[in-house]
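Chemist: Structure file entry.txt (compact mmCIF, C-alpha atoms) is given on the next line.
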# COMPACT_ATOMS: atom_id res chain seq x y z
CA MET Z 213 -62.93 -73.88 10.50
CA ILE Z 214 -59.18 -74.32 10.98
CA ASN Z 215 -57.12 -75.80 8.18
CA ALA Z 216 -53.48 -76.79 8.50
CA LYS Z 217 -52.09 -78.01 5.20
CA ASN Z 218 -48.69 -79.67 4.81
CA ILE Z 219 -47.10 -77.60 7.59
CA THR Z 220 -43.49 -78.26 8.51
CA LYS Z 221 -41.24 -76.65 11.13
CA TYR Z 222 -37.52 -77.10 11.83
CA PHE Z 223 -35.49 -75.82 14.77
CA ASP Z 224 -31.91 -76.16 13.52
CA ASP Z 225 -31.62 -79.92 12.94
CA ILE Z 226 -34.75 -80.80 14.96
CA HIS Z 227 -37.75 -81.70 12.82
CA ALA Z 228 -40.50 -80.50 15.18
CA ILE Z 229 -43.48 -80.71 12.80
CA ASP Z 230 -43.39 -82.94 9.74
CA ASN Z 231 -45.84 -82.27 6.90
CA VAL Z 232 -48.97 -82.13 9.09
CA THR Z 233 -52.41 -81.75 7.51
CA VAL Z 234 -55.47 -81.53 9.74
CA THR Z 235 -58.91 -79.90 9.72
CA ILE Z 236 -60.64 -78.72 12.91
CA LYS Z 237 -64.37 -78.15 12.60
CA GLU Z 238 -66.23 -75.35 14.37
CA GLY Z 239 -68.29 -76.09 17.47
CA SER Z 240 -66.40 -79.24 18.43
CA VAL Z 241 -63.75 -80.06 21.02
CA PHE Z 242 -60.53 -81.15 19.32
CA GLY Z 243 -58.07 -83.11 21.43
CA LEU Z 244 -54.44 -83.17 20.31
CA ILE Z 245 -52.71 -86.13 21.93
CA GLY Z 246 -49.02 -86.92 21.92
CA SER Z 247 -46.06 -87.81 24.09
CA ASN Z 248 -43.65 -85.16 25.37
CA GLY Z 249 -41.67 -83.85 22.41
CA ALA Z 250 -44.26 -84.97 19.85
CA GLY Z 251 -44.69 -81.40 18.57
CA LYS Z 252 -47.95 -80.36 20.28
CA SER Z 253 -46.68 -77.02 21.61
CA THR Z 254 -45.02 -76.18 18.30
CA PHE Z 255 -48.24 -76.95 16.46
CA LEU Z 256 -50.28 -74.70 18.78
CA SER Z 257 -47.69 -71.92 18.49
CA MET Z 258 -48.08 -72.02 14.71
CA LEU Z 259 -51.85 -72.24 15.05
CA SER Z 260 -51.70 -69.08 17.18
CA GLY Z 261 -49.48 -67.23 14.72
CA ILE Z 262 -46.61 -66.98 17.20
CA ILE Z 263 -44.21 -68.78 14.89
CA LYS Z 264 -44.42 -69.24 11.14
CA PRO Z 265 -44.27 -72.66 9.46
CA ASP Z 266 -41.21 -73.26 7.28
CA SER Z 267 -43.62 -74.60 4.69
CA GLY Z 268 -47.36 -75.18 4.36
CA GLU Z 269 -50.35 -73.04 5.33
CA ILE Z 270 -52.48 -72.46 8.44
CA SER Z 271 -55.78 -70.62 8.03
CA ILE Z 272 -58.97 -69.89 9.94
CA ASP Z 273 -62.00 -69.64 7.66
CA GLY Z 274 -59.66 -69.28 4.69
CA LYS Z 275 -57.57 -66.44 6.18
CA GLU Z 276 -53.90 -66.95 7.04
CA VAL Z 277 -53.14 -66.68 10.76
CA PHE Z 278 -49.54 -65.43 10.86
CA GLU Z 279 -49.33 -61.64 11.38
CA ASN Z 280 -53.07 -61.25 10.82
CA THR Z 281 -54.54 -59.16 13.66
CA ASN Z 282 -58.15 -59.65 12.55
CA VAL Z 283 -57.81 -63.43 12.72
CA LYS Z 284 -55.95 -63.35 16.05
CA GLU Z 285 -58.88 -61.51 17.63
CA ARG Z 286 -60.89 -64.70 17.15
CA PHE Z 287 -58.83 -66.95 19.43
CA PHE Z 288 -57.20 -67.05 22.86
CA TYR Z 289 -54.04 -69.07 23.48
CA ILE Z 290 -53.27 -70.59 26.90
CA SER Z 291 -49.64 -71.70 26.81
CA ASP Z 292 -48.16 -74.46 28.93
CA ASP Z 293 -45.42 -72.10 30.12
CA GLN Z 294 -47.45 -69.46 31.96
CA TYR Z 295 -46.18 -65.90 31.62
CA PHE Z 296 -47.64 -62.77 33.20
CA PHE Z 297 -46.45 -59.18 33.35
CA PRO Z 298 -44.25 -58.56 36.45
CA ASN Z 299 -46.28 -57.72 39.57
CA THR Z 300 -49.55 -57.83 37.60
CA THR Z 301 -52.91 -58.74 39.13
CA PRO Z 302 -56.01 -60.44 37.67
CA LYS Z 303 -57.74 -57.05 37.77
CA ALA Z 304 -55.00 -55.57 35.58
CA LEU Z 305 -55.32 -58.50 33.19
CA LYS Z 306 -59.05 -57.87 32.96
CA GLU Z 307 -58.40 -54.30 31.87
CA TYR Z 308 -55.65 -55.39 29.46
CA TYR Z 309 -57.68 -58.09 27.72
CA GLY Z 310 -60.69 -55.79 27.72
CA ASN Z 311 -58.70 -53.57 25.38
CA VAL Z 312 -57.37 -56.47 23.26
CA TYR Z 313 -60.66 -58.33 22.74
CA LYS Z 314 -63.68 -56.26 21.70
CA SER Z 315 -66.19 -58.75 23.13
CA PHE Z 316 -64.41 -59.27 26.47
CA ASN Z 317 -67.08 -59.91 29.14
CA THR Z 318 -66.02 -58.21 32.38
CA LYS Z 319 -69.13 -59.38 34.23
CA ARG Z 320 -68.32 -62.98 33.41
CA PHE Z 321 -64.72 -62.46 34.48
CA ASP Z 322 -65.85 -61.14 37.88
CA LEU Z 323 -68.31 -64.00 38.38
CA LEU Z 324 -65.73 -66.65 37.53
CA MET Z 325 -63.09 -65.08 39.78
CA LYS Z 326 -65.56 -65.29 42.67
CA GLY Z 327 -66.61 -68.80 41.66
CA PHE Z 328 -63.00 -70.00 41.73
CA ASN Z 329 -62.39 -68.07 44.95
CA LEU Z 330 -59.55 -65.98 43.52
CA ASP Z 331 -58.61 -62.47 44.65
CA GLU Z 332 -58.40 -60.14 41.64
CA ASN Z 333 -56.21 -57.67 43.57
CA ARG Z 334 -53.57 -60.21 44.58
CA LYS Z 335 -50.32 -60.34 42.59
CA ILE Z 336 -50.32 -63.32 40.26
CA ASN Z 337 -46.69 -64.16 41.00
CA THR Z 338 -47.87 -65.21 44.49
CA PHE Z 339 -50.38 -67.70 43.01
CA SER Z 340 -49.73 -71.42 42.76
CA LYS Z 341 -49.32 -73.09 39.36
CA GLY Z 342 -52.92 -74.30 39.44
CA MET Z 343 -54.25 -70.87 40.40
CA LYS Z 344 -52.33 -69.27 37.52
CA LYS Z 345 -53.92 -71.79 35.13
CA GLN Z 346 -57.34 -70.87 36.53
CA VAL Z 347 -56.70 -67.18 35.87
CA SER Z 348 -55.68 -67.99 32.28
CA VAL Z 349 -58.83 -70.03 31.73
CA ILE Z 350 -61.01 -67.25 33.17
CA CYS Z 351 -59.37 -64.70 30.85
CA ALA Z 352 -59.82 -67.08 27.90
CA VAL Z 353 -63.53 -67.80 28.33
CA SER Z 354 -64.25 -64.16 29.26
CA SER Z 355 -62.68 -63.02 25.99
CA MET Z 356 -65.65 -64.66 24.20
CA THR Z 357 -63.49 -65.71 21.25
CA ASP Z 358 -64.50 -68.35 18.69
CA TYR Z 359 -61.50 -70.54 19.50
CA ILE Z 360 -59.44 -71.34 22.60
CA PHE Z 361 -56.07 -73.08 22.17
CA CYS Z 362 -55.00 -74.94 25.32
CA ASP Z 363 -51.53 -76.40 25.85
CA GLU Z 364 -51.63 -78.83 28.80
CA THR Z 365 -54.21 -76.54 30.42
CA PHE Z 366 -55.51 -79.19 32.85
CA ASP Z 367 -52.03 -79.98 34.13
CA GLY Z 368 -51.74 -78.63 37.69
CA LEU Z 369 -55.48 -78.32 38.30
CA ASP Z 370 -57.06 -80.33 41.09
CA PRO Z 371 -59.86 -82.77 40.09
CA VAL Z 372 -62.72 -80.46 41.14
CA VAL Z 373 -61.36 -77.45 39.25
CA ARG Z 374 -60.54 -79.66 36.26
CA GLN Z 375 -64.15 -80.78 35.98
CA ALA Z 376 -65.35 -77.20 36.44
CA VAL Z 377 -63.18 -76.01 33.54
CA LYS Z 378 -64.42 -78.85 31.34
CA SER Z 379 -68.01 -77.93 32.19
CA ILE Z 380 -67.38 -74.29 31.27
CA PHE Z 381 -65.87 -75.32 27.93
CA ALA Z 382 -68.75 -77.72 27.24
CA GLY Z 383 -71.29 -75.01 28.07
CA ASP Z 384 -69.66 -72.53 25.70
CA VAL Z 385 -69.49 -75.14 22.94
CA ALA Z 386 -73.23 -75.76 23.30
CA ASP Z 387 -74.30 -72.13 23.85
CA ARG Z 388 -72.16 -70.16 21.41
CA GLY Z 389 -70.26 -72.64 19.25
CA LEU Z 390 -66.86 -72.29 20.93
CA THR Z 391 -64.13 -74.52 19.48
CA PRO Z 392 -61.51 -75.55 22.07
CA VAL Z 393 -58.32 -77.17 20.79
CA ILE Z 394 -56.76 -78.98 23.75
CA ALA Z 395 -53.26 -80.47 23.63
CA SER Z 396 -52.36 -83.10 26.22
CA HIS Z 397 -50.05 -86.06 26.72
CA ASN Z 398 -52.76 -87.86 28.70
CA LEU Z 399 -55.61 -89.67 26.94
CA ARG Z 400 -57.67 -90.03 30.11
CA GLU Z 401 -57.62 -86.26 30.57
CA LEU Z 402 -59.63 -85.69 27.40
CA GLU Z 403 -61.82 -88.77 27.36
CA ASP Z 404 -64.99 -87.10 28.63
CA ILE Z 405 -64.87 -83.87 26.65
CA CYS Z 406 -63.46 -84.35 23.12
CA ASP Z 407 -65.47 -84.95 19.95
CA HIS Z 408 -62.45 -85.40 17.71
CA ILE Z 409 -58.97 -86.68 18.47
CA GLY Z 410 -55.70 -86.21 16.62
CA LEU Z 411 -52.65 -88.26 17.57
CA LEU Z 412 -49.36 -86.44 16.99
CA HIS Z 413 -46.24 -88.61 16.98
CA ARG Z 414 -42.70 -87.53 16.11
CA GLY Z 415 -43.99 -84.34 14.52
CA GLY Z 416 -46.58 -86.01 12.30
CA ILE Z 417 -50.30 -86.76 12.59
CA LEU Z 418 -50.63 -90.51 13.05
CA LEU Z 419 -54.41 -90.39 12.85
CA SER Z 420 -57.26 -87.88 13.18
CA LYS Z 421 -60.83 -89.12 13.66
CA ASP Z 422 -64.19 -88.34 15.23
CA LEU Z 423 -64.66 -90.40 18.39
CA ASP Z 424 -68.14 -91.52 17.37
CA ASP Z 425 -66.78 -92.89 14.07
CA MET Z 426 -63.99 -94.68 15.90
CA LYS Z 427 -66.42 -96.31 18.31
CA LEU Z 428 -68.77 -97.68 15.66
CA GLY Z 429 -66.63 -100.60 14.51
CA ILE Z 430 -65.06 -101.66 17.85
CA HIS Z 431 -66.91 -103.30 20.74
CA LYS Z 432 -66.07 -104.77 24.13
CA ILE Z 433 -68.06 -107.70 25.49
CA GLN Z 434 -67.79 -109.20 28.96
CA CYS Z 435 -69.01 -112.77 29.23
CA VAL Z 436 -68.93 -116.04 31.19
CA PHE Z 437 -69.12 -119.41 29.40
CA GLY Z 438 -70.12 -122.82 30.71
CA THR Z 439 -66.86 -124.27 29.40
CA PRO Z 440 -63.48 -122.48 29.18
CA LYS Z 441 -62.86 -120.51 25.98
CA SER Z 442 -59.77 -119.01 24.36
CA LYS Z 443 -59.07 -116.53 21.59
CA GLU Z 444 -58.64 -119.40 19.14
CA ASP Z 445 -62.29 -120.37 19.61
CA PHE Z 446 -63.28 -117.11 17.93
CA ASN Z 447 -60.96 -117.13 14.90
CA ASP Z 448 -63.92 -116.32 12.64
CA ILE Z 449 -64.12 -112.76 14.02
CA GLU Z 450 -61.42 -110.09 14.39
CA ILE Z 451 -60.40 -110.24 18.04
CA LEU Z 452 -58.32 -107.26 19.18
CA SER Z 453 -57.88 -108.49 22.74
CA PHE Z 454 -59.03 -111.47 24.80
CA GLU Z 455 -58.56 -111.26 28.57
CA LYS Z 456 -59.44 -113.85 31.20
CA LYS Z 457 -59.88 -113.30 34.93
CA GLY Z 458 -61.08 -116.56 36.39
CA SER Z 459 -64.27 -117.46 34.55
CA LEU Z 460 -64.83 -113.88 33.32
CA ASN Z 461 -63.80 -113.19 29.72
CA THR Z 462 -63.43 -109.70 28.27
CA ILE Z 463 -63.38 -109.64 24.48
CA THR Z 464 -62.62 -106.57 22.38
CA ALA Z 465 -63.39 -107.14 18.72
CA ARG Z 466 -63.79 -105.25 15.46
CA GLY Z 467 -67.07 -105.63 13.56
CA GLN Z 468 -70.79 -104.86 13.63
CA LYS Z 469 -72.36 -104.99 17.09
CA ASP Z 470 -75.24 -107.31 16.14
CA GLU Z 471 -72.93 -109.76 14.39
CA LEU Z 472 -70.52 -109.88 17.33
CA MET Z 473 -73.31 -110.35 19.87
CA SER Z 474 -74.81 -113.11 17.73
CA ARG Z 475 -71.43 -114.85 17.59
CA ILE Z 476 -71.10 -114.74 21.39
CA GLN Z 477 -74.64 -116.10 21.80
CA ARG Z 478 -73.76 -119.14 19.67
CA GLU Z 479 -71.42 -120.22 22.49
CA ASN Z 480 -74.39 -120.31 24.92
CA PRO Z 481 -72.86 -117.95 27.49
CA VAL Z 482 -74.01 -118.05 31.10
CA PHE Z 483 -73.73 -114.26 31.14
CA TYR Z 484 -72.75 -111.53 28.67
CA GLU Z 485 -73.00 -107.74 28.32
CA LEU Z 486 -71.73 -104.98 26.07
CA LEU Z 487 -69.37 -102.54 27.83
CA PRO Z 488 -68.44 -98.96 26.84
CA LEU Z 489 -64.96 -98.55 25.39
CA SER Z 490 -62.46 -96.17 26.91
CA LEU Z 491 -60.59 -93.73 24.70
CA GLU Z 492 -57.37 -95.61 25.40
CA GLU Z 493 -58.89 -98.90 24.22
CA ILE Z 494 -60.12 -97.28 21.02
CA PHE Z 495 -56.70 -95.79 20.32
CA ILE Z 496 -54.92 -99.04 21.04
CA SER Z 497 -56.94 -100.74 18.32
CA GLU Z 498 -56.54 -97.88 15.84
CA THR Z 499 -52.78 -97.45 16.32
CA GLU Z 500 -52.08 -101.17 16.22
CA VAL Z 501 -53.45 -101.14 12.68
CA CYS Z 502 -50.79 -98.50 11.88
CA GLY Z 503 -48.12 -100.62 13.54
CA TYR Z 504 -47.76 -98.59 16.73
CA ASP Z 505 -48.19 -99.45 20.40
CA ILE Z 506 -50.23 -96.61 21.96
CA LYS Z 507 -48.90 -97.40 25.44
CA LYS Z 508 -45.42 -96.52 24.24
CA LEU Z 509 -46.57 -93.26 22.67
CA ILE Z 510 -48.67 -91.68 25.43
CA LEU Z 511 -49.70 -92.18 29.04
If you took the structure in this file and wrote it as structure tokens, what would it be?
Modeler:
Amino acid sequence: MINAKNITKYFDDIHAIDNVTVTIKEGSVFGLIGSNGAGKSTFLSMLSGIIKPDSGEISIDGKEVFENTNVKERFFYISDDQYFFPNTTPKALKEYYGNVYKSFNTKRFDLLMKGFNLDENRKINTFSKGMKKQVSVICAVSSMTDYIFCDETFDGLDPVVRQAVKSIFAGDVADRGLTPVIASHNLRELEDICDHIGLLHRGGILLSKDLDDMKLGIHKIQCVFGTPKSKEDFNDIEILSFEKKGSLNTITARGQKDELMSRIQRENPVFYELLPLSLEEIFISETEVCGYDIKKLIL
């Protein structure tokens, strides 16, 4: 388990991280969402022990991360700004990480390189941005660490490769309890993989919740009524949004599912159905309670 408690980081007069407290459970996929400049990269750098917080503590299973080699052996960090040794090849990286990580799986590395159709003898500086990200992901999952920290890892990957990487992460979460921490500025990027979401804004955690818990109290209903309806006709329930397209009404409301469906039925609808909520819709409702407009914070 990762615990960050009251961590703060300044860069001269820039307040990059402001008193952040968050817990990341083992065996789950934690998505860290935030706009550019929100502090995601700084947070991951502190989580990886690259930089030290000015105040507060970061620990993994109760052990401080900074300058702790034993703890650092348990995670792999994929930075947004890819760096590789000059003129190095994937094969050389395999040998290097094989010495750094005791459980590095060379067989898995070879299989994934073939699966992604990458040449392990080719110099990495001739690879495209997306290919470099693929090499980093292959090194990360082959290291067989307990945690993988990803900073905009899906950025630059084509849709097919992106889904392949998500599948690999999901498989490792299920098979060996891997805990990926994935930072992104794009909600839609993480919608189909994350169990828990933290929203970082202006260096602080705006909210941090399990997706299942967030979904329980918010529901979207699509319906058609015999006579036109408006939001004011439902002032006895908490309507978060009411959209009309011709005769089709889409209502997003907070409350218990059975109670909301019963309320809709009292209007004798011609048609109605419960729709799944997108991650963006859930966050819109949660951040509006805090006085923020999610569309202004993230893509």
Chemist: Just want the 6 Å neighbourhood of Z:Asn215, counted on all atoms listed in the file, with same-chain residues fewer than 3 positions away dropped. Output as a list in words.
Modeler: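 Surrounding residues, per the criterion: Thr235, Ile270 and Ser271 of chain Z.
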Chemist: Using only C-alpha atoms, find the one residue out of Z:Asp367, Z:Asp266, Z:Glu332, Z:Asp384 that sits nearest to Z:Asp292.
Modeler: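 Going through Z:Asp367, Z:Asp266, Z:Glu332, Z:Asp384 one by one, the smallest distance to Z:Asp292 is for Z:Asp367.
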Chemist: Write out as a ChimeraX atom specification each polymer residue whose atoms come within 12 Å of Z:Tyr222, counting all atoms listed in the file; drop sequence neighbours fewer than 5 positions from it.
Modeler: /Z:227-231,251,254-255,263-267,415
Chemist: Place a sphere of radius 12 Å on (-49.9, -74.5, 41.4) in the file coordinates and name every protein, DNA or RNA residue with an atom inside or on its surface, counting only C-alpha atoms; give the answer as a list in words.
Modeler: Gln294, Ile336, Asn337, Thr338, Phe339, Ser340, Lys341, Gly342, Met343, Lys344, Lys345, Gln346, Val347, Thr365, Phe366, Asp367, Gly368, Leu369 and Asp370 of chain Z
Chemist: Using only C-alpha atoms, find the one residue out of Z:Glu279, Z:Glu401, Z:Glu479, Z:Asp425 that sits nearest to Z:Gly438.
Modeler: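 Going through Z:Glu279, Z:Glu401, Z:Glu479, Z:Asp425 one by one, the smallest distance to Z:Gly438 is for Z:Glu479.
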Chemist: Box along x, y and z, 5 Å on every side, all listed atoms of stretch 482-486 of chain Z inside: centre and edge lengths in Å to one decimal, as lines of an AutoDock Vina configuration file.
Modeler:
center_x = -72.9
center_y = -111.5
center_z = 28.6
size_x = 12.3
size_y = 23.1
size_z = 15.1
Chemist: Which neighbours of Z:Glu455 fall inside 9 Å, counting only C-alpha atoms, when residues of the same chain fewer than 4 positions from it are skipped, and could you give them as an MDAnalysis selection string?
Modeler: chainID Z and resid 442:443 460:464
Chemist: Please report the interatomic distance between atom CA of Z:Lys314 and atom CA of Z:Ala386 in Å with one decimal.
Modeler: 21.8 Å
Chemist: For atom CA of Z:Lys275 and atom CA of Z:Ile226, determine how far apart the two atoms are, in Å to one decimal place.
Modeler: 28.4 Å
Chemist: To one decimal place, how far is atom CA of Z:Val372 from atom CA of Z:Asp387 in Å?
Modeler: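 Interatomic distance here is 22.4 Å.
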Chemist: Would you pick out the contacts of Z:Ser420 at 7 Å or less, using all atoms listed in the file, so that residues sharing its chain but fewer than 4 positions from it are not included, and give the list as a list in words?
Modeler: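 Surrounding residues, per the criterion: Ile409, Gly410 and Leu411 of chain Z.
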Chemist: Taking into account only C-alpha atoms, which residue in the set Z:Ser490, Z:Ser354, Z:Ser257, Z:Thr281 is nearest to Z:Lys319?
Modeler: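 With only C-alpha atoms as the atom set, the closest residue is Z:Ser354.
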